[in-house]
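Report on one structure; see the data block that follows.
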Amino acid sequence: MTLARIRSMVGDERAGRVELEDTHRPEAFRVAPFAVPQAPAMRVARGCPRWAVRRLRPPEPVTVTLRQRRPEALVFRNQRYAVEQSFGPWFFSGNWWGAEIWSVEKWDLIARAGNSRLCCCVARHALRTEWGEGWRMEALYD
């Protein structure tokens with residue numbers, strides 16, 4: 001009943017489940033018809049932490065300060081964070097055959113502002129002019 005209501009509001013082509021496309025391009029997916037899969041329930045071992053990634057769509061601008069080419073601090077949503085740990089850089093584009101191969105630089109950061117901790121993924125694009133010289137906050141880790 002709920003799915004029928006959603007389809008009537010947004011249309012059949014916009015209601016369903018996300019299916020990843022066979023590519024390394026970021027966020028490459030299509031919407032497939034919804035069906036409940038007949039798979040066994042996933043079990044998480046006792047004591048193992050569960051993590052969630054919250055993608056920011058669209059990515060939000062962020063100011064990153066570098067020291068010796070590594071992130072040292074960042075300003076996100078008007079709050080300044082000191083970077084405690086940084087992991088990266090990772091370079092990719094998603095399309096190995098294109099002119100922009102390895103043009104996106106990504107970092108996973110753990111940063112702190114007082115008692116507030118931020119675990120996130122920031123990125124900058126070396127070739128795209130619409131990004132300017134700026135960084136983007138792509139994801140937050142819970």
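Residues are referred to by chain and number: the chain letter is A, B, ... according to the order shown in the structure tokens, the number counts from 1 in that chain, and ligands are numbered separately from 1 in the order shown.
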
Could you name the residues that touch Arg136 in chain A at 7 Å or less, counting only C-alpha atoms, but leaving out those on the same chain fewer than 6 positions away, as a short mmCIF file (atom, residue, chain, number, x, y, z; two decimals) with N, CA and C atoms, in the first residue's frame?
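Final file, out06.cif:
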data_model
loop_
_atom_site.label_atom_id
_atom_site.label_comp_id
_atom_site.auth_asym_id
_atom_site.auth_seq_id
_atom_site.Cartn_x
_atom_site.Cartn_y
_atom_site.Cartn_z
N PRO A 59 27.72 17.77 -2.12
CA PRO A 59 28.79 18.01 -1.16
C PRO A 59 28.83 19.48 -0.75
N GLU A 60 29.19 19.74 0.50
CA GLU A 60 29.21 21.11 1.01
C GLU A 60 30.63 21.66 0.99
N PRO A 61 30.76 22.96 0.71
CA PRO A 61 32.09 23.57 0.73
C PRO A 61 32.68 23.53 2.14
N VAL A 62 33.97 23.34 2.22
CA VAL A 62 34.69 23.30 3.49
C VAL A 62 36.05 23.95 3.27
N VAL A 122 36.79 14.44 3.04
CA VAL A 122 36.86 15.68 2.26
C VAL A 122 37.57 15.39 0.94
N ALA A 123 37.27 16.20 -0.07
CA ALA A 123 37.85 15.97 -1.39
C ALA A 123 38.08 17.30 -2.09
N ARG A 124 39.05 17.29 -3.00
CA ARG A 124 39.24 18.42 -3.91
C ARG A 124 39.58 17.86 -5.27
#

Would you pick out the contacts of Pro89 in chain A at 12 Å or less, using only C-alpha atoms, so that residues sharing its chain but fewer than 2 positions from it are not included, and give the list as an mmCIF file with C-alpha atoms, in the first residue's frame?
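Final output, out_17.cif:
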data_model
loop_
_atom_site.group_PDB
_atom_site.id
_atom_site.type_symbol
_atom_site.label_atom_id
_atom_site.label_comp_id
_atom_site.auth_asym_id
_atom_site.auth_seq_id
_atom_site.Cartn_x
_atom_site.Cartn_y
_atom_site.Cartn_z
ATOM 1 C CA ARG A 69 50.626 18.947 2.269
ATOM 2 C CA ARG A 70 48.461 17.238 4.921
ATOM 3 C CA PRO A 71 45.189 18.585 6.412
ATOM 4 C CA SER A 86 44.323 12.051 8.626
ATOM 5 C CA PHE A 87 44.235 9.117 6.254
ATOM 6 C CA PHE A 91 43.398 9.706 -5.819
ATOM 7 C CA PHE A 92 40.678 8.529 -8.149
ATOM 8 C CA TRP A 102 43.353 10.269 -10.702
ATOM 9 C CA SER A 103 42.209 13.909 -10.544
ATOM 10 C CA VAL A 104 40.206 13.750 -7.288
ATOM 11 C CA GLU A 105 42.141 13.854 -4.010
ATOM 12 C CA LYS A 106 40.294 12.452 -0.976
ATOM 13 C CA TRP A 107 41.131 12.370 2.722
ATOM 14 C CA ASP A 108 39.428 10.688 5.668
ATOM 15 C CA LEU A 109 39.804 12.891 8.735
ATOM 16 C CA CYS A 121 35.695 12.527 4.065
ATOM 17 C CA VAL A 122 36.863 15.681 2.258
ATOM 18 C CA ALA A 123 37.853 15.972 -1.394
ATOM 19 C CA ARG A 124 39.238 18.417 -3.908
#

Close residues, range 2-12 of chain A itself excluded, 12 Å, only C-alpha atoms, min 2 positions apart in chain, as a JSON list (two decimals) with C-alpha atoms, in the first residue's frame:
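Output contents, as saved in out_6.json:
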[["chain", "number", "residue", "atom", "x", "y", "z"],
["A", 14, "ARG", "CA", 11.25, 6.99, -9.48],
["A", 15, "ALA", "CA", 10.04, 4.40, -6.96],
["A", 16, "GLY", "CA", 12.05, 1.27, -6.29],
["A", 17, "ARG", "CA", 15.40, 0.19, -4.95],
["A", 31, "VAL", "CA", 16.49, 2.62, -9.77],
["A", 32, "ALA", "CA", 15.16, -0.93, -10.16],
["A", 33, "PRO", "CA", 11.68, -2.23, -9.25],
["A", 34, "PHE", "CA", 11.31, -2.96, -5.55],
["A", 35, "ALA", "CA", 11.29, -6.58, -4.44]]

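If you look at CA of Tyr81 in chain A and CA of Val53 in chain A, they are 19.4 Å away from each other.
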
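Within the 8 Å cut-off around Val64 in chain A, using only C-alpha atoms and omitting residues fewer than 4 positions from it on the same chain, the listed residues are Pro71, Glu72, Ala73, Leu74, Val75 and Trp135 of chain A.
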
Writer output for current selection, N, CA and C atoms, as a compact mmCIF listing (two decimals), in the first residue's frame:
# COMPACT_ATOMS: atom_id res chain seq x y z
N PRO A 71 46.18 17.76 5.71
CA PRO A 71 45.19 18.59 6.41
C PRO A 71 45.56 18.76 7.88
N GLU A 72 45.54 20.02 8.33
CA GLU A 72 45.86 20.35 9.71
C GLU A 72 44.61 20.84 10.46
N ALA A 73 43.73 21.56 9.75
CA ALA A 73 42.51 22.09 10.35
C ALA A 73 41.47 22.26 9.24
N LEU A 74 40.20 22.35 9.65
CA LEU A 74 39.14 22.59 8.68
C LEU A 74 38.02 23.40 9.33
N VAL A 75 37.33 24.14 8.49
CA VAL A 75 36.15 24.89 8.93
C VAL A 75 34.96 24.32 8.17
N TRP A 135 37.76 22.88 -1.30
CA TRP A 135 37.53 21.53 -0.84
C TRP A 135 36.02 21.34 -0.67
